[in-house]
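Trainee: Attaching a single structure in structure tokens format; questions to follow.
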Amino acid sequence: MRLFGPSVKLRQGITVAVFTFILATAGFTQQGALSPYQGEQDGIDAGGRWTEFQSEDKMTGAKRARFQLIANNYFREDPNFKPRINLFCENGKFKMGDFNPGVRLAPPNRPGFWGQPQMEVMVRIDDFHAHHGWNWVRGHYLSMDKGTVRGMLQAQVFNIQARTRSGPQIAEFSPEGLDLQMVKRACDLKPEKP
């Protein structure tokens with residue numbers, strides 16, 4: 001009879017519970033992510049480094065999907081937030097793609113066709129690179145053009161050079177592995193070479 005310390009069965013039970021928790025946590029982190037938005041389901045693995053989040057508009061019933069890709073690196077102002085790309089789709093149609101650097105962007109440097117503020121960025125898709133004018137939204141993110149989104153879908157390398165308050169910086173992404181059938185179903189979007 002032991003007077004001090006937990007019994008062998010209790011220690012075994014605690015060990016099994018801790019091991020089960022670790023396995024469950026590791027499995028969830030590989031297959032999805034928690035959504036930061038109310039009303040949006042937690043993310044599911046969409047292939048490669050992509051995650052898909054689903055939701056439904058409470059008023060219209062519109063089915064929404066958001067595909068997210070997080071960068072391989074971070075910008076020098078915030079090592080705790082990596083830049084990310086979000087693709088937004090509604091009722092099976094692509095709505096928009098955005099680039100969120102996670103830091104304050106520099107002011108816009110050109111007007112768009114309708115006079116909206118834009119920032120010129122340089123984009124690399126595998127061995128191809130080009131300059132684009134993306135709509136600048138309150139200094140928090142840039143609205144991507146549909147052609148760039150299509151080019152990125154099957155790319156091995158996708159980099160964006162954007163101007164931040166501390167100068168130009170490059171976000172490096174690895175978009176390969178995305179389940180293109182999931183994107184076609186949720187967004188009616190197909191990859192295209194740039």
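Residue numbering restarts at 1 for every chain of the structure tokens, chains are lettered A, B, ... in their displayed order, and ligands are numbered from 1 as they appear.
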Residues near range 126-143 of chain A, anyone? I mean within 9 Å using only C-alpha atoms, not counting same-chain ones fewer than 3 positions away, as number ranges by chain.
Mentor: A: 96-108, 110-112, 116-123, 148, 152, 155-159, 194
Trainee: May I have the residues within 7 Å of Ala62 in chain A as a VMD selection string, using only C-alpha atoms and disregarding those fewer than 6 positions away in the same chain?
Mentor: chain A and resid 56 90 to 91
Trainee: Please save C-alpha atoms of the selected residues as a CSV table (one decimal), in the first residue's frame.
Mentor:
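Below is the file out-v6.csv, written as the result:
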```
chain,number,residue,atom,x,y,z
A,56,GLU,CA,-22.8,30.6,-45.2
A,90,GLU,CA,-19.3,32.7,-53.4
A,91,ASN,CA,-22.0,30.3,-54.7
```
Trainee: Return as a PyMOL selection string the full set of residues in range 22-174 of chain A whose backbone-based DSSP assignment is strand (DSSP E).
Mentor: chain A and resi 44-45+50-56+63-70+84-90+93-100+110-111+117-125+128-137+141-144+158-164+167-173
Trainee: Under the rule that only C-alpha atoms are counted, which of A:Gly47, A:Gly115, A:Gly61, A:Pro191 is the nearest residue to Glu176 in chain A?
Mentor: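 For Glu176 in chain A, the nearest of the candidates is A:Gly47.
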Trainee: Give me, please, the distance in Å between CA of Gln161 in chain A and CA of Pro79 in chain A, quoted to one decimal.
Mentor: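 Going from CA of Gln161 in chain A over to CA of Pro79 in chain A covers 17.4 Å.
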Trainee: Report, in Å to a single decimal, how far apart CA of Asp78 in chain A and CA of Thr51 in chain A are.
Mentor: 22.1 Å
Trainee: Of the residues A:Cys89, A:Leu34, A:Ala46, A:Cys187, which is the one nearest to Arg64 in chain A, using only C-alpha atoms?
Mentor: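 Result for the nearest residue to Arg64 in chain A: A:Cys89.
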Trainee: For Ser174 in chain A, which of A:Ala71, A:Val149, A:Ser55, A:Lys82 is the closest residue, counting only C-alpha atoms?
Mentor: A:Ala71
